[in-house]
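Chemist: This is the structure I want to talk about, given as structure tokens.
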Amino acid sequence: MRSHRARFLSVGITMAATATMLAACSSGSSGGSSNSSSTKSPILIGASISTSGDFSADGQAFLRGYQLWVHDVNASGGLLGRQVKLDWLPDNSTPNQVNANYTKLISVDHVDLTFGPFSSALTGPAETVIARNGYAFIEGAGGSPAVFSSPGNIADHNLFDVSLPIEDTLAPIAKYLAALPAGQRPKTAAYPMADDIFGYPPVQVAQGIMSKAGIKTVYSHIFPEEPADYAPAADNVAATHADVVVLGSTDVPTVAAFMKAFEQQHYVPKYFAAAAGPDQGTDFTSAVGVGNANGMMVPNGWYPSSSNPASQKMVAEYVAKYGGDASGVNADIAEAYSVGQVAAQAIVATKGTDNAKVIQYLHSGVTLSSVQGPVTFDSLGRNGDLTAYMFQWQNGQFVQVLPVGAPGTVKLLAPKPAWTNG
Amino acid sequence: MGTELTRAVFNGVLGGGVYALMAVGLTLIFGVLDIINIAQGVMVILGAYLSYALSVHLHIDLFAGLLVTVPAMFVIGVAIQWAFIRPLRGSDRTSMSLLASYAVAIIIEGVLYLLFGANFVTLNASYVTHSVYLLGFYLPDIEIYGFVMAVVLVAAIYALLYRTRFGKSIRATMQDRTAAMLVGIDVNRVSALTYGIGVAVTAAGGMVFGASGIPFNPNSGYDLISRLLALIILAGLGSIGGALAAAVFMLTVESVVDIWQPTWAVLVFYAALVIVLLVKPTGLFGRQAARAQ
């Protein structure tokens with residue numbers, strides 16, 4: 001009897017776990033039915049979203065960006081008289097699941113267009129599946145050189161990244177430091193880089209520029225993206241007492257771990273730039289403290305207080321829909337929203353969702369608009385129109401500090417103020 | 001170079017204390033129940049979130065908050081054991097525990113997402129960023145406290161196992177469940193309490209992990225589990241003191257390698273595990289020793 005009960009319970013637990021996993025893998029959809037009086041079938045947009053896993057924070061923000069765009073489009077009557085519906089599947093931040101998701105979206109759900117997932121690490125693998133199916137792949141967070149040079153994109157030229165390519169994003173701070181008068185120029189620099197295709201390309205470019213200017217490299221290592229490895233790497237950087245730290249971070253935890261380790265080691269670099277993390281608005285400041293954020297720099301092509309009218313409208317709508325204030329609208333939202341804007345312009349221009357026509361149109365050299373600014377794609381789908389800006393946290397404000405003389409640029413805060421104990 | 005090595009050893013020892021706090025519960029649960037608790041990493045994060053909630057909403061100090069979070073985690077552990085682990089019986093019990101505990105992990109993760117969202121948070125207190133200057137090095141207060149707490153907790157669990165009547169019943173259950181039942185030990189009660197203790201200890205590990213400098217979100221537990229499993233295998237499954245020794249050993253090896261080539265640190269971590277197991281398949285301290293009278 002007991003054996004029978006045990007077997008029953010084992011099966012029950014198996015089923016419960018399976019059901020739980022299936023529930024976690026269930027898809028979501030938004031748009032389509034709202035405000036629709038049209039009898040035409042909706043335009044179906046497919047996307048894989050990281051609502052859990054390593055990229056869950058960014059992935060959920062990305063989803064909100066897509067949903068906000070769908071909401072706005074449908075509220076204004078849809079595209080070509082058709083409502084837009086987002087068909088998204090969760091991927092748990094894993095490349096295998098991303099591939100499975102796009103295969104299902106294309107082969108089973110028969111979506112009209114595909115939008116990208118969050119991160120270069122997931123966009124690259126997805127590109128293979130999407131290119132094989134002849135779809136255009138419009139994305140906003142896969143700017144690594146490895147993504148553009150993936151075999152699928154080299155063969156089919158179907159990838160379009162509406163955001164700034166990451167390779168040159170840290171060049172403004174490197175050029176700025178290199179151009180300082182000899183007496184003011186930093187003497188030493190450290191380049192810790194996360195082992196991620198997003199993390200090291202921009203740092204290596206910055207290192208090349210600064211080395212040529214005579215700024216001595218005292219640390220240049222790639223470290224594993226494992227929490228246990230952040231502190232030892234950070235402590236080794238702190239021990240060099242480098243004037244400049246250019247960190248190849250991929251997210252808030254990486255840069256926050258380095259900042260805390262530096263604080264514990266009583267080390268304050270004069271200049272501290274990170275590839276990603278400080279651009280995440282209140283997600284960043286709540287993790288590191290507003291005081292400690294002071295002086296932290298990050299490259300970006302967009303910021304919440306941008307004077308772009310479309311951006312201001314999006315920020316206002318986001319705050320109205322999700323609450324908070326403008327400072328809580330991070331770059332992920334704008335990147336995702338821009339993907340939708342570019343796709344919408346292509347659909348309208350080509351009068352439909354024929355992917356071959358969309359690809360041809362996006363490669364025609366046409367300049368499109370987005371909340372991040374103008375978009376023009378080169379032969380590999382890189383957006384060459386966006387300018388790399390450096391932003392810096394200054395007394396709780398996220399302000400543009402480079403390039404010097406550009407509209408909206410304010411004076412760079414240097415040296416970085418001391419840590420303020422959280 | 002000598003300075004760098006010394007600093008790496010300090011890092012390894014103190015970081016090892018943090019990992020020992022997270023791993024002790026895992027090895028205790030396996031030692032007594034033969035349950036591989038895949039949910040351990042998520043439980044660490046649950047402990048961190050409980051400390052976070054008390055700290056942010058009730059302004060309770062992180063260490064004082066353990067007076068609440070440890071009992072709370074004990075209750076959660078007993079409930080999980082009753083609902084998910086106790087029904088597992090038969091020869092495939094251990095392998096089924098993988099599935100059951102994975103389900104527990106997904107459920108806890110889902111609840112944490114609902115309650116706290118996906119944004120990263122961190123635990124803050126004055127001693128989280130403060131450090132003391134000792135022998136030419138800055139040593140973070142939180143890691144010193146964490147190491148001391150790891151030693152105290154390991155000693156307390158050791159005393160519980162080897163100096164109390166309840167510990168004798170735990171060890172009897174570890175050695176032979178059937179024989180333990182035959183001599184009148186309530187194995188179900190012992191199992192539930194042991195699982196509860198294992199999860200309760202994890203509350204301390206979660207608090208120190210959350211305060212050690214790395215922001216966390218509900219998903220962060222999955223980054224921990226493979227490393228925690230490696231540590232308790234190296235220690236010898238079920239060995240409480242071994243968990244602390246293995247954590248210190250592995251983190252020190254990793255920190256030393258990190259000086260020269262950080263990308264090799266993880267490889268060396270697992271290579272060291274393989275080498276030790278080739279020489280001593282039962283781990284550094286061995287399961288038999290852990291179960292000895």
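Chain labels run A, B, ... following the order of the structure tokens; each chain numbers its residues from 1, and ligands are numbered from 1 in the order shown.
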Taking only C-alpha atoms into account and nothing else, which residues of chain A lie no more than 6 Å away from chain B? Please answer as a PyMOL selection string.
Modeler: chain A and resi 6+17+53+57+223-224+232+253+257+260+264-265+287
Chemist: Would you pick out the contacts of Ala235 in chain B at 7 Å or less, using only C-alpha atoms, so that residues sharing its chain but fewer than 2 positions from it are not included, and give the list as an NGL selection string?
Modeler: :B and (231-233 or 237 or 239 or 242-243 or 246 or 283-286)
Chemist: Write out as a PyMOL selection string the set of residues from range 60-252 of chain B that DSSP, computed on the backbone, places in alpha helix (DSSP H).
Modeler: chain B and resi 62-80+93-116+126-129+141-163+165-175+177-182+187-211+222-235+240-252
Chemist: Just checking: using only C-alpha atoms, which residue out of B:Leu28, B:Val44, B:Leu21, B:Leu5 ends up closest to Ile240 in chain B?
Modeler: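 Checking each candidate against Ile240 in chain B, we get B:Leu28 as the closest.
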Chemist: Of the candidates B:Met207, B:Val78, B:Val187, B:Leu160, which shows the shortest atom-to-atom distance to Ala172 in chain B, using only C-alpha atoms?
Modeler: B:Val187
Chemist: If we count only C-alpha atoms, what is near range 188-199 of chain B at a cut-off of 7 Å, once residues fewer than 2 positions away on the same chain are taken out, given as a VMD selection string?
Modeler: chain B and resid 25 to 26 28 to 29 33 73 to 75 77 to 78 81 to 82 170 186 201 to 203
Chemist: Using the selection just defined, write its residues with C-alpha atoms as a short mmCIF file (atom, residue, chain, number, x, y, z; two decimals), in the first residue's frame.
Modeler:
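Printed below is again_5.cif as written:
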data_model
loop_
_atom_site.label_atom_id
_atom_site.label_comp_id
_atom_site.auth_asym_id
_atom_site.auth_seq_id
_atom_site.Cartn_x
_atom_site.Cartn_y
_atom_site.Cartn_z
CA GLY B 25 22.71 23.15 4.84
CA LEU B 26 23.09 21.33 1.54
CA LEU B 28 23.50 18.28 6.10
CA ILE B 29 20.37 17.55 4.07
CA LEU B 33 18.16 12.33 3.88
CA MET B 73 13.43 29.44 7.03
CA PHE B 74 13.24 26.52 9.47
CA VAL B 75 9.46 26.51 9.17
CA GLY B 77 12.15 23.90 5.32
CA VAL B 78 9.93 21.66 7.42
CA GLN B 81 10.11 18.43 3.50
CA TRP B 82 6.56 17.49 4.43
CA ILE B 170 20.18 11.99 13.20
CA ASP B 186 10.79 8.63 14.52
CA VAL B 201 21.25 27.63 8.29
CA THR B 202 20.90 28.76 4.70
CA ALA B 203 19.21 31.95 5.95
#
Chemist: Which residues are close to Asn383 in chain A, i.e. within 9 Å by only C-alpha atoms, leaving aside same-chain residues fewer than 5 positions away? Reply as a ChimeraX atom specification.
Modeler: /A:160-165,374-378
Chemist: Need the shell around Tyr271 in chain A: protein/DNA/RNA residues with any atom at most 12 Å away, counting only C-alpha atoms. Skip same-chain ones fewer than 6 positions apart. Format as a count of residues only?
Modeler: 30
Chemist: Please return, as a list of chain:residue names, all residues of range 264-334 of chain A that DSSP assigns to strand (DSSP E or B) on the basis of the backbone.
Modeler: A:Tyr271, A:Phe272, A:Ala273, A:Ala274, A:Met296, A:Met297, A:Val298, A:Pro299, A:Asn300
Chemist: Go ahead and dump the residues you just picked, C-alpha atoms, as a PDB file, in the first residue's frame.
Modeler:
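Written out: out.pdb:
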ATOM      1  CA  TYR A 271      37.830  57.953 -13.897  1.00  0.00           C
ATOM      2  CA  PHE A 272      35.536  54.921 -13.832  1.00  0.00           C
ATOM      3  CA  ALA A 273      33.642  53.946 -16.992  1.00  0.00           C
ATOM      4  CA  ALA A 274      31.621  50.766 -17.414  1.00  0.00           C
ATOM      5  CA  MET A 296      30.239  56.680 -12.785  1.00  0.00           C
ATOM      6  CA  MET A 297      30.272  56.800 -16.585  1.00  0.00           C
ATOM      7  CA  VAL A 298      28.605  54.644 -19.201  1.00  0.00           C
ATOM      8  CA  PRO A 299      28.223  54.906 -22.971  1.00  0.00           C
ATOM      9  CA  ASN A 300      24.786  55.189 -24.441  1.00  0.00           C
TER      10      ASN A 300
END
